[in-house]
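Asks: What follows is a structure written as C-alpha cells; I'll ask about it next.
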Amino acid sequence: MFDPTRPPGPKIIAVANQKGGVGKTTTTINLGAALAEQGQRVLVVDLDPQGNASTGLGIEADNREFTTYDLILGDAALSDVIQQSDTDNLLIVPANVDLSSADMELISNEKRSFLLHDALRQHAIDTYRLDYILIDCPPSLNLLTINAMVAADSVLVPLQSEFFALEGLSQLMLTIREVRQTANPNLRIEGVVLTMYDGRNRLSQQVEMDARDNLGELVFETIIPRNVRVSEAPSYAMPVLSYDSESKGAQAYRELANELIKKQTRAAA
Ligand SMILES: Nc1ncnc2c1ncn2[C@@H]1O[C@H](COP(=O)(O)OP(=O)(O)OP(=O)(O)O)[C@@H](O)[C@H]1O
Ligand SMILES: [Mg+2]
C-alpha cells in the first residue's frame, strides 16, 4: 500500500537478453561497480542458476547458504540473503543451481510472476538505502526473466556486436510488451547497449549501424569494446573497475553509468 512516509524506492533494472553469452552478467557487474564508484548504493540480484554474477563479485560457492531462491520464496530474511561485495556500496544476492528448479516448483503458485517484485518491495529493504537494483537474468525468457521484468522499472538489453545480434530482439520486445499489458504497465526499455565491440571489425560496425537504424534513441551512445581485461576480471573475482581501473573496458562502463544517470536526470526533470 502507498505510504507517503516511505522514501522513494531504488530504480530497478532488469539486464536481459535470452541470447546466451552477450554480456548480461559482465554488464550487470561492471555497470553496478561503476554506479557504486560514484557513490550510488547498488544491489545486484543474481537471477541466473549459473551464478556467474555471484562468482564474478567474489561470493564463493560455499558462501551461498541463502540465495535468490530463498529471496523469491520469502523463506529467508533480507539480511540473510543480501551480502556486501568487496566493492564499497555494491551489495549482492547470490544465486546457485537451486534456482534452476524454481520454474517447475512455482507452476502452481498463483503469484509466481510477482515473487521477485514483492520480495524487493518489502519494507526491510529501505534500511539498505539503495539507489539501484540490477537484476542479472538467465539466457532465457522463462519464469525467472518474467519475474525480473515484473519487478523492474526498466529493461537494459546488452547486444553483442556480432552476426545475428538483432535476431531474437523481436521476441524479447514482444515479451516486454506482454509483461506491460499484463503485470507491469510502467515497464520501460532503458536502452540497448552494444557489447564486445571491435572497431576494426566491419561486422561490429554493421551491427552498430543496423541497431541504430532500427532502434534509434534506444541504443546507448556508449559502446563497450571487446577488451581482454574485462574477460579476465571475473577469474580474479572482481569487477574490471577494480581489476584494471584504467582499462578501456573499465572506462567504457564508467561512461555507461554516466549516460544512465544523465538519462534518468533528464527523465525526472
Ligand atoms: N567487453 C568484453 N570484452 C571481452 N570479453 C567480454 C566482454 N564482455 C563479456 N565478455 C566475455 O564474454 C563471455 C560472455 O559474457 P557474459 O557472461 O557477461 O554473458 P551473459 O550474457 O551473461 O552469458 P549467459 O547468457 O551465459 O548468462 C564471458 O566470458 C565474458 O568474460
Ligand atoms: Mg550471465
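Ligands are numbered from 1 in the order shown, chains are lettered A, B, ... in the order of the C-alpha cells, and residues start at 1 in each chain.
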Go through the chains and note each residue within 6 Å of ligand 1, using only C-alpha atoms and all ligand atoms, then give the set as a ChimeraX atom specification.
Replies: /A:19-26,138-139,195-196,224-228,230-231
Asks: If we count only C-alpha atoms and set the cut-off at 10 Å, which residues sit around Ser140 (chain A), ignoring sequence neighbours fewer than 5 positions away in its own chain? Please answer as a list in words.
Replies: Ala16, Asn17, Gln18, Lys19, Gly20, Asp48, Thr145, Ile146 and Leu172 of chain A
Asks: Based on the backbone DSSP call, show me all residues of region 104-260 of chain A assigned helix (DSSP H, G or I), as a ChimeraX atom specification.
Replies: /A:104-105,115-119,123-128,143-151,169-182,202-218,228-236,240-243,248-260
Asks: From the list A:Gln205, A:Asn52, A:Gln122, A:Ser170, which residue is nearest ligand 2 when using only C-alpha atoms and all ligand atoms?
Replies: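 Under the stated criterion, the closest residue is A:Asn52.
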Asks: Which of these residues is nearest to ligand 2, using only C-alpha atoms and all ligand atoms: A:Leu144, A:Cys137, A:Leu169, A:Leu99?
Replies: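 Going through A:Leu144, A:Cys137, A:Leu169, A:Leu99 one by one, the smallest distance to ligand 2 is for A:Cys137.
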Asks: Within 7 Å of region 154-156 of chain A, counting only C-alpha atoms, which residues qualify if same-chain residues fewer than 3 places away don't, as a PyMOL selection string?
Replies: chain A and resi 12-16+187-192
Asks: When you count only C-alpha atoms and all ligand atoms, which of these residues is closest to ligand 2: A:Asp136, A:Ser101, A:Arg200, A:Gly32?
Replies: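 That would be A:Asp136, the residue with the smallest distance to ligand 2.
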Asks: Pick out each residue of region 51-229 of chain A that DSSP on the backbone tags as strand (DSSP E or B); I need them as a list of chain:residue names.
Replies: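 Taking region 51-229 of chain A and keeping strand (DSSP E or B) gives A:Gln83, A:Gln84, A:Leu90, A:Leu91, A:Ile92, A:Val93, A:Tyr132, A:Ile133, A:Leu134, A:Ile135, A:Asp136, A:Ser154, A:Val155, A:Leu156, A:Val157, A:Pro158, A:Leu159, A:Gln160, A:Arg188, A:Ile189, A:Glu190, A:Gly191, A:Val192, A:Val193, A:Leu194, A:Thr195, A:Tyr197, A:Val219, A:Pro225.
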Asks: Residues as selected, N, CA, C and O atoms, written as a compact mmCIF listing (two decimals), in the first residue's frame, can you do that?
Replies:
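That gives us out-v9.txt:
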```txt
# COMPACT_ATOMS: atom_id res chain seq x y z
N GLN A 83 24.38 -9.80 0.66
CA GLN A 83 25.77 -9.78 1.13
C GLN A 83 26.50 -8.55 0.58
O GLN A 83 26.21 -8.09 -0.53
N GLN A 84 27.46 -8.08 1.35
CA GLN A 84 28.33 -7.00 0.88
C GLN A 84 29.39 -7.62 -0.04
O GLN A 84 29.94 -8.67 0.28
N LEU A 90 28.42 -1.76 -3.09
CA LEU A 90 27.91 -2.78 -4.02
C LEU A 90 27.53 -4.04 -3.23
O LEU A 90 28.40 -4.71 -2.66
N LEU A 91 26.24 -4.33 -3.23
CA LEU A 91 25.71 -5.48 -2.49
C LEU A 91 25.23 -6.52 -3.48
O LEU A 91 24.97 -6.21 -4.64
N ILE A 92 25.08 -7.74 -3.00
CA ILE A 92 24.62 -8.80 -3.92
C ILE A 92 23.77 -9.85 -3.22
O ILE A 92 24.04 -10.20 -2.06
N VAL A 93 22.74 -10.28 -3.92
CA VAL A 93 22.05 -11.51 -3.53
C VAL A 93 22.57 -12.59 -4.47
O VAL A 93 22.33 -12.54 -5.68
N TYR A 132 19.95 1.79 -6.74
CA TYR A 132 19.71 0.94 -7.91
C TYR A 132 19.66 -0.53 -7.49
O TYR A 132 20.42 -0.97 -6.63
N ILE A 133 18.80 -1.27 -8.18
CA ILE A 133 18.87 -2.73 -8.13
C ILE A 133 19.04 -3.22 -9.56
O ILE A 133 18.25 -2.86 -10.44
N LEU A 134 20.11 -3.96 -9.81
CA LEU A 134 20.35 -4.53 -11.14
C LEU A 134 20.11 -6.04 -11.07
O LEU A 134 20.70 -6.72 -10.22
N ILE A 135 19.27 -6.53 -11.95
CA ILE A 135 18.94 -7.96 -11.93
C ILE A 135 19.60 -8.65 -13.12
O ILE A 135 19.32 -8.32 -14.28
N ASP A 136 20.47 -9.60 -12.83
CA ASP A 136 21.16 -10.35 -13.90
C ASP A 136 20.31 -11.55 -14.29
O ASP A 136 20.19 -12.51 -13.53
N SER A 154 12.65 -0.92 -15.59
CA SER A 154 13.09 -0.91 -16.99
C SER A 154 13.96 -2.13 -17.29
O SER A 154 14.45 -2.81 -16.39
N VAL A 155 14.13 -2.35 -18.60
CA VAL A 155 14.97 -3.46 -19.07
C VAL A 155 16.15 -2.88 -19.84
O VAL A 155 15.99 -2.02 -20.72
N LEU A 156 17.33 -3.34 -19.48
CA LEU A 156 18.56 -2.96 -20.19
C LEU A 156 19.01 -4.17 -21.01
O LEU A 156 19.16 -5.26 -20.45
N VAL A 157 19.20 -3.98 -22.30
CA VAL A 157 19.48 -5.11 -23.19
C VAL A 157 20.90 -5.03 -23.74
O VAL A 157 21.20 -4.17 -24.58
N PRO A 158 21.80 -5.91 -23.29
CA PRO A 158 23.11 -5.97 -23.92
C PRO A 158 23.01 -6.67 -25.27
O PRO A 158 22.31 -7.68 -25.40
N LEU A 159 23.67 -6.12 -26.26
CA LEU A 159 23.62 -6.67 -27.61
C LEU A 159 25.04 -6.91 -28.07
O LEU A 159 25.84 -5.98 -28.18
N GLN A 160 25.37 -8.17 -28.32
CA GLN A 160 26.74 -8.48 -28.73
C GLN A 160 26.95 -8.06 -30.18
O GLN A 160 26.11 -8.34 -31.04
N ARG A 188 9.64 0.04 -18.78
CA ARG A 188 10.24 0.76 -19.91
C ARG A 188 11.45 0.00 -20.43
O ARG A 188 11.97 -0.90 -19.77
N ILE A 189 11.89 0.38 -21.62
CA ILE A 189 13.16 -0.15 -22.10
C ILE A 189 14.21 0.91 -21.77
O ILE A 189 14.13 2.04 -22.25
N GLU A 190 15.14 0.55 -20.92
CA GLU A 190 16.17 1.51 -20.51
C GLU A 190 17.07 1.84 -21.69
O GLU A 190 17.50 2.98 -21.87
N GLY A 191 17.35 0.82 -22.47
CA GLY A 191 18.20 1.02 -23.63
C GLY A 191 18.90 -0.27 -24.03
O GLY A 191 18.83 -1.28 -23.32
N VAL A 192 19.51 -0.20 -25.19
CA VAL A 192 20.26 -1.33 -25.73
C VAL A 192 21.72 -0.92 -25.74
O VAL A 192 22.06 0.17 -26.22
N VAL A 193 22.58 -1.75 -25.18
CA VAL A 193 24.00 -1.39 -25.16
C VAL A 193 24.82 -2.40 -25.96
O VAL A 193 24.70 -3.62 -25.77
N LEU A 194 25.59 -1.88 -26.90
CA LEU A 194 26.44 -2.75 -27.72
C LEU A 194 27.63 -3.20 -26.89
O LEU A 194 28.32 -2.38 -26.26
N THR A 195 27.89 -4.51 -26.89
CA THR A 195 28.98 -5.06 -26.11
C THR A 195 29.98 -5.77 -27.02
O THR A 195 29.65 -6.11 -28.16
N TYR A 197 32.47 -4.86 -28.66
CA TYR A 197 32.61 -4.17 -29.94
C TYR A 197 34.07 -4.13 -30.35
O TYR A 197 34.96 -3.80 -29.56
N VAL A 219 19.31 2.99 -28.41
CA VAL A 219 20.69 2.49 -28.32
C VAL A 219 21.56 3.50 -27.57
O VAL A 219 21.60 4.68 -27.92
N PRO A 225 33.72 -1.87 -25.60
CA PRO A 225 34.64 -2.54 -26.54
C PRO A 225 34.97 -3.96 -26.07
O PRO A 225 34.86 -4.27 -24.87
```
Asks: Would you mind listing what lies within 12 Å of Pro8 (chain A) as a PyMOL selection string, with only C-alpha atoms counted and same-chain residues fewer than 4 positions away left out?
Replies: chain A and resi 2-4+12+121+123+125-126+129-132
Asks: State, in Å with one decimal place, the distance from CA of Ser247 (chain A) to CA of Ile59 (chain A).
Replies: 23.6 Å
